[in-house]
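A.B. asks: Here it is: the structure, laid out below.
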Amino acid sequence: MDLFSKIQEATQFLASKGIKDVEVGIVLGTGLGKLADLIQDSISIDYTDIPYFSASTVESHKGKLIYGTLGNKKVLAMQGRLHYYEGYDMKAISFPIRVIKFLGASTLLLSGAAGAMNLEFKKGDLIMITDQINLLPTNPLIGANDERLGPRFPDMSETYSKNLQEKILSIAGSKKFNLRQGVYVAVQGPMLESAAEYRFLRTIGADAVGMSTAPEVIVAKHSGMNVAAVIVLTDECDPDNLKPIEIDEIMEIAGKAEEKLIELFSQVIDAL
């Protein structure tokens, strides 16, 4: 079965459960799943119950789609995402984004956790991604292109919507949030980077490093969605002063920043 048919089957399944007329898709990454608790009149479905969805194997990712109303918008949130390091291919990782688009969403908001490589940034800071570098070994658009999903050569000159960035900056300013801005680089993981790798990534222009986001954004842009991403910086990647960091510490730092991120996303959605 081709990709288009799989997307249609998954979409029809979710529509039969009452999920329709989605306006905004949301990806909730590491330690940032509580936004789903604010979704009203919600419907929750496990990834494993949805045709052609894959299971999330990372402990902090619940692997559920949450549908309902947030503010004045119909939203569909991914409570947890899929990663290349879990062994999934790019089409599996990005498949939920395709389905969210087919259910009606024109906007995609992404969150997650990343390491701070810009030495002015500190752990616990929020950063709005202004552009990205994809260093994963491949991407979701490799192979035959289906024009029903998007163009063969999608333009990435404005990967992240400038209009959405302006809204986010305005809201962050009104709340006096210290919102950083910078370039995100996606690497395959699951190991954290060596000091030499951090130096390399900084040299090519990255301010933050993570193991996700880029494949989802590529597919969202391919399908014509407006995209914005705000992530939590959970560790400081100074190659001259590296210290070991445990996943529990990453989760704790992400949790502390979650309240600000929830407020930011909620108000952005209201402003759309």
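Within each chain, counting starts at residue 1; across the structure tokens, chains are named A, B, ... in the order shown, with ligands numbered 1 upward in that order.
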Could you produce a table of the residues of range 164-231 of chain A lying within 6 Å of range 134-149 of chain A, with the nearest pair of atoms per residue and their separation in Å rounded to one decimal, using only C-alpha atoms, ordered by chain and increasing residue number, as a tab-separated table?
C.D. replies:
residue	atom	partner	partner_atom	distance
A:Val185	CA	A:Asn134	CA	5.9
A:Ala186	CA	A:Asn134	CA	5.1
A:Val187	CA	A:Leu136	CA	5.2
A:Gln188	CA	A:Leu136	CA	5.3
A:Ser223	CA	A:Leu149	CA	5.8
A.B. asks: Tell me, as a list of chain:residue names, which residues lie within 10 Å of Arg199 in chain A, counting only C-alpha atoms; anything in the same chain fewer than 3 positions away does not count.
C.D. replies: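 Listing them by chain and then by number gives A:Met117, A:Glu193, A:Ser194, A:Ala195, A:Ala196, A:Arg202, A:Thr203, A:Ile204, A:Ala206, A:Cys237, A:Asp238, A:Pro239, A:Asp240.
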A.B. asks: Go ahead and dump the residues you just picked, C-alpha atoms, as a PDB file, in the first residue's frame.
C.D. replies:
ATOM      1  CA  MET A 117      25.811  25.196  22.254  1.00  0.00           C
ATOM      2  CA  GLU A 193      27.957  14.560  21.475  1.00  0.00           C
ATOM      3  CA  SER A 194      31.678  14.589  22.143  1.00  0.00           C
ATOM      4  CA  ALA A 195      33.548  17.835  22.747  1.00  0.00           C
ATOM      5  CA  ALA A 196      34.945  17.719  19.203  1.00  0.00           C
ATOM      6  CA  ARG A 202      29.015  25.326  16.530  1.00  0.00           C
ATOM      7  CA  THR A 203      31.352  25.990  13.602  1.00  0.00           C
ATOM      8  CA  ILE A 204      28.633  25.195  11.047  1.00  0.00           C
ATOM      9  CA  ALA A 206      24.125  25.769  15.216  1.00  0.00           C
ATOM     10  CA  CYS A 237      27.364  22.010  25.682  1.00  0.00           C
ATOM     11  CA  ASP A 238      30.537  24.001  26.207  1.00  0.00           C
ATOM     12  CA  PRO A 239      33.238  21.722  24.743  1.00  0.00           C
ATOM     13  CA  ASP A 240      35.858  23.153  27.105  1.00  0.00           C
TER      14      ASP A 240
END
A.B. asks: Can you pull out every residue from range 62-259 of chain A that DSSP, working from the backbone, puts in strand (DSSP E or B), and format the result as a PyMOL selection string?
C.D. replies: chain A and resi 64-70+73-79+107-110+113-116+126-134+179-186+208-210+226-236
A.B. asks: Kindly indicate which residue among A:Val183, A:Leu126, A:Ile100, A:Val22 lies nearest to Ala214 in chain A, using only C-alpha atoms for the distances.
C.D. replies: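 So, comparing all the options, the nearest one is A:Val183.
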A.B. asks: Could you list, as a ChimeraX atom specification, every residue within 6 Å of Lys123 in chain A, counting only C-alpha atoms and ignoring same-chain residues fewer than 2 positions away?
C.D. replies: /A:125,233-236
A.B. asks: Excluding Lys162 in chain A and its own-chain neighbours fewer than 5 positions away, which residues fall within 12 Å of it when counting only C-alpha atoms? Please give them as a PyMOL selection string.
C.D. replies: chain A and resi 128-131+157+167-169+226-229
A.B. asks: For those residues, write C-alpha atoms to a file as a compact mmCIF listing (two decimals), in the first residue's frame.
C.D. replies:
# COMPACT_ATOMS: atom_id res chain seq x y z
CA MET A 128 12.57 29.75 19.47
CA ILE A 129 14.05 27.96 16.47
CA THR A 130 14.65 30.36 13.58
CA ASP A 131 16.17 27.82 11.18
CA SER A 157 13.74 29.51 2.38
CA LYS A 167 3.53 36.36 17.39
CA ILE A 168 5.69 34.24 19.69
CA LEU A 169 8.17 37.05 20.30
CA ASN A 226 3.03 26.95 8.77
CA VAL A 227 5.59 25.87 11.37
CA ALA A 228 6.99 27.22 14.63
CA ALA A 229 9.05 25.57 17.35
A.B. asks: Between CA of Ile262 in chain A and CA of Lys175 in chain A, what is the spacing in Å?
C.D. replies: 12.4 Å
A.B. asks: Skip Ser44 in chain A itself and residues of its chain fewer than 3 positions away, then list as a list in words all residues within 12 Å of it, counting only C-alpha atoms.
C.D. replies: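 Everything that qualifies: Leu14, Lys17, Gly18, Ile19, Ala36, Asp37, Ile39, Gln40, Asp41, Tyr47, Thr48, Asp49, Ile50, Lys62, Gly63, Lys64, Leu65, Ile66, Tyr67, Gly68, Leu76, Ala77, Met78 and Gln79 of chain A.
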A.B. asks: Those residues you just picked out, can you put them in a file as a JSON list (two decimals), in the first residue's frame with N, CA and C atoms?
C.D. replies:
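Printed below is part02.json as written:
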[["chain", "number", "residue", "atom", "x", "y", "z"],
["A", 14, "LEU", "N", -9.33, 7.91, 12.50],
["A", 14, "LEU", "CA", -9.42, 8.95, 13.52],
["A", 14, "LEU", "C", -10.71, 9.76, 13.38],
["A", 17, "LYS", "N", -13.52, 8.25, 15.09],
["A", 17, "LYS", "CA", -13.48, 8.41, 16.54],
["A", 17, "LYS", "C", -13.86, 9.82, 16.98],
["A", 18, "GLY", "N", -14.26, 10.65, 16.01],
["A", 18, "GLY", "CA", -14.68, 12.01, 16.33],
["A", 18, "GLY", "C", -13.62, 13.07, 16.15],
["A", 19, "ILE", "N", -12.47, 12.70, 15.58],
["A", 19, "ILE", "CA", -11.38, 13.66, 15.37],
["A", 19, "ILE", "C", -11.49, 14.23, 13.96],
["A", 36, "ALA", "N", -1.13, 18.79, 27.16],
["A", 36, "ALA", "CA", -2.29, 17.97, 26.78],
["A", 36, "ALA", "C", -3.36, 17.99, 27.86],
["A", 37, "ASP", "N", -2.97, 18.23, 29.11],
["A", 37, "ASP", "CA", -3.94, 18.25, 30.21],
["A", 37, "ASP", "C", -4.90, 19.44, 30.11],
["A", 39, "ILE", "N", -6.21, 20.53, 27.26],
["A", 39, "ILE", "CA", -7.11, 20.36, 26.12],
["A", 39, "ILE", "C", -8.48, 19.92, 26.62],
["A", 40, "GLN", "N", -9.51, 20.69, 26.29],
["A", 40, "GLN", "CA", -10.86, 20.43, 26.79],
["A", 40, "GLN", "C", -11.64, 19.50, 25.88],
["A", 41, "ASP", "N", -12.59, 18.79, 26.50],
["A", 41, "ASP", "CA", -13.43, 17.84, 25.76],
["A", 41, "ASP", "C", -12.57, 16.89, 24.93],
["A", 47, "TYR", "N", -1.10, 5.60, 20.05],
["A", 47, "TYR", "CA", -0.52, 5.45, 18.71],
["A", 47, "TYR", "C", -0.71, 4.02, 18.18],
["A", 48, "THR", "N", -0.55, 3.06, 19.06],
["A", 48, "THR", "CA", -0.60, 1.66, 18.64],
["A", 48, "THR", "C", -1.99, 1.22, 18.19],
["A", 49, "ASP", "N", -3.02, 2.03, 18.46],
["A", 49, "ASP", "CA", -4.38, 1.71, 18.01],
["A", 49, "ASP", "C", -4.69, 2.32, 16.64],
["A", 50, "ILE", "N", -3.80, 3.17, 16.14],
["A", 50, "ILE", "CA", -4.05, 3.89, 14.89],
["A", 50, "ILE", "C", -3.34, 3.18, 13.75],
["A", 62, "LYS", "N", 4.54, 9.46, 26.01],
["A", 62, "LYS", "CA", 3.40, 8.59, 26.29],
["A", 62, "LYS", "C", 2.85, 7.90, 25.06],
["A", 63, "GLY", "N", 3.07, 8.46, 23.88],
["A", 63, "GLY", "CA", 2.60, 7.82, 22.67],
["A", 63, "GLY", "C", 1.09, 7.87, 22.50],
["A", 64, "LYS", "N", 0.52, 9.08, 22.66],
["A", 64, "LYS", "CA", -0.93, 9.25, 22.51],
["A", 64, "LYS", "C", -1.21, 10.47, 21.64],
["A", 65, "LEU", "N", -2.29, 10.39, 20.88],
["A", 65, "LEU", "CA", -2.85, 11.56, 20.21],
["A", 65, "LEU", "C", -3.96, 12.11, 21.10],
["A", 66, "ILE", "N", -3.92, 13.42, 21.35],
["A", 66, "ILE", "CA", -4.94, 14.07, 22.18],
["A", 66, "ILE", "C", -5.63, 15.13, 21.33],
["A", 67, "TYR", "N", -6.95, 14.97, 21.17],
["A", 67, "TYR", "CA", -7.74, 15.89, 20.36],
["A", 67, "TYR", "C", -8.74, 16.63, 21.23],
["A", 68, "GLY", "N", -8.97, 17.90, 20.92],
["A", 68, "GLY", "CA", -9.98, 18.66, 21.63],
["A", 68, "GLY", "C", -9.81, 20.14, 21.38],
["A", 76, "LEU", "N", -4.83, 19.02, 17.75],
["A", 76, "LEU", "CA", -4.48, 17.61, 17.83],
["A", 76, "LEU", "C", -3.02, 17.54, 18.25],
["A", 77, "ALA", "N", -2.80, 17.03, 19.47],
["A", 77, "ALA", "CA", -1.45, 17.02, 20.04],
["A", 77, "ALA", "C", -0.86, 15.62, 20.04],
["A", 78, "MET", "N", 0.39, 15.54, 19.64],
["A", 78, "MET", "CA", 1.16, 14.31, 19.79],
["A", 78, "MET", "C", 1.83, 14.34, 21.16],
["A", 79, "GLN", "N", 1.39, 13.49, 22.06],
["A", 79, "GLN", "CA", 2.00, 13.43, 23.38],
["A", 79, "GLN", "C", 3.15, 12.43, 23.32]]
A.B. asks: Write out as a list in words which residues come within 12 Å of Ile7 in chain A when counting only C-alpha atoms, dropping same-chain ones fewer than 6 positions away.
C.D. replies: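 The neighbour list is Met1, Phe13, Leu14, Ile50, Pro51, Tyr52, Phe53, Lys91, Ala92, Ser94, Phe95, Pro96, Ile97, Arg98, Val99, Ile100, Lys101, Phe102, Leu103, Arg148 and Leu149 of chain A.
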A.B. asks: Can you measure CA of Glu263 in chain A to CA of Thr213 in chain A for me? One decimal in Å is fine.
C.D. replies: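 Straight-line distance from CA of Glu263 in chain A to CA of Thr213 in chain A works out to 20.8 Å.
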A.B. asks: If we count only C-alpha atoms, what is near Gly112 in chain A at a cut-off of 12 Å, once residues fewer than 3 positions away on the same chain are taken out, given as JSON, numbers by chain?
C.D. replies: {"A": [26, 27, 28, 29, 30, 31, 32, 33, 60, 61, 78, 79, 80, 81, 82, 83, 109, 115, 126, 127, 128, 129, 184, 186, 208, 209, 210, 211, 212, 213, 214, 228, 229, 230, 231, 232, 233, 234, 250, 251, 253, 254, 255, 257, 258, 261]}
A.B. asks: Restricting the output to C-alpha atoms, write the selected residues as a CSV table (one decimal), in the first residue's frame.
C.D. replies:
chain,number,residue,atom,x,y,z
A,26,ILE,CA,1.1,20.2,18.3
A,27,VAL,CA,4.2,18.0,19.0
A,28,LEU,CA,5.0,17.6,22.7
A,29,GLY,CA,8.5,16.4,23.2
A,30,THR,CA,10.7,15.3,26.1
A,31,GLY,CA,9.3,16.4,29.5
A,32,LEU,CA,6.7,18.6,27.9
A,33,GLY,CA,3.5,16.5,27.8
A,60,SER,CA,9.0,10.1,28.8
A,61,HIS,CA,6.9,9.9,25.6
A,78,MET,CA,1.2,14.3,19.8
A,79,GLN,CA,2.0,13.4,23.4
A,80,GLY,CA,5.4,12.1,22.6
A,81,ARG,CA,7.2,11.7,19.2
A,82,LEU,CA,9.2,9.1,17.3
A,83,HIS,CA,13.0,9.3,16.8
A,109,LEU,CA,3.8,23.9,16.7
A,115,GLY,CA,21.4,21.1,24.3
A,126,LEU,CA,13.5,28.6,26.1
A,127,ILE,CA,14.7,29.0,22.5
A,128,MET,CA,12.6,29.7,19.5
A,129,ILE,CA,14.0,28.0,16.5
A,184,TYR,CA,18.7,24.0,15.7
A,186,ALA,CA,19.3,17.6,14.3
A,208,ALA,CA,21.2,24.2,19.9
A,209,VAL,CA,21.4,20.4,19.2
A,210,GLY,CA,18.8,17.7,19.4
A,211,MET,CA,17.7,14.4,18.1
A,212,SER,CA,14.3,15.2,16.5
A,213,THR,CA,12.2,18.0,15.0
A,214,ALA,CA,13.9,18.3,11.6
A,228,ALA,CA,7.0,27.2,14.6
A,229,ALA,CA,9.1,25.6,17.4
A,230,VAL,CA,10.0,26.5,20.9
A,231,ILE,CA,12.2,24.1,22.8
A,232,VAL,CA,13.8,23.9,26.3
A,233,LEU,CA,17.6,23.9,26.6
A,234,THR,CA,18.3,21.2,29.1
A,250,ILE,CA,17.1,16.6,31.6
A,251,MET,CA,13.6,15.8,32.6
A,253,ILE,CA,15.0,21.0,33.8
A,254,ALA,CA,12.4,20.5,31.1
A,255,GLY,CA,9.7,20.2,33.7
A,257,ALA,CA,10.4,25.3,32.0
A,258,GLU,CA,7.1,23.6,31.0
A,261,LEU,CA,6.1,26.9,27.4
A.B. asks: Would you mind reading off the distance between CA of Ser170 in chain A and CA of Glu216 in chain A, one decimal, in Å?
C.D. replies: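 Between CA of Ser170 in chain A and CA of Glu216 in chain A the gap works out to 25.2 Å.
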A.B. asks: Apply DSSP to the backbone of this structure and, from range 121-194 of chain A, keep only the residues in helix (DSSP H, G or I); write these as a list in words.
C.D. replies: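 DSSP on the backbone gives helix (DSSP H, G or I) at Lys162, Asn163, Leu164, Gln165, Glu166, Lys167, Ile168, Leu169, Ser170, Ile171, Ala172, Gly173 and Ser174 of chain A.
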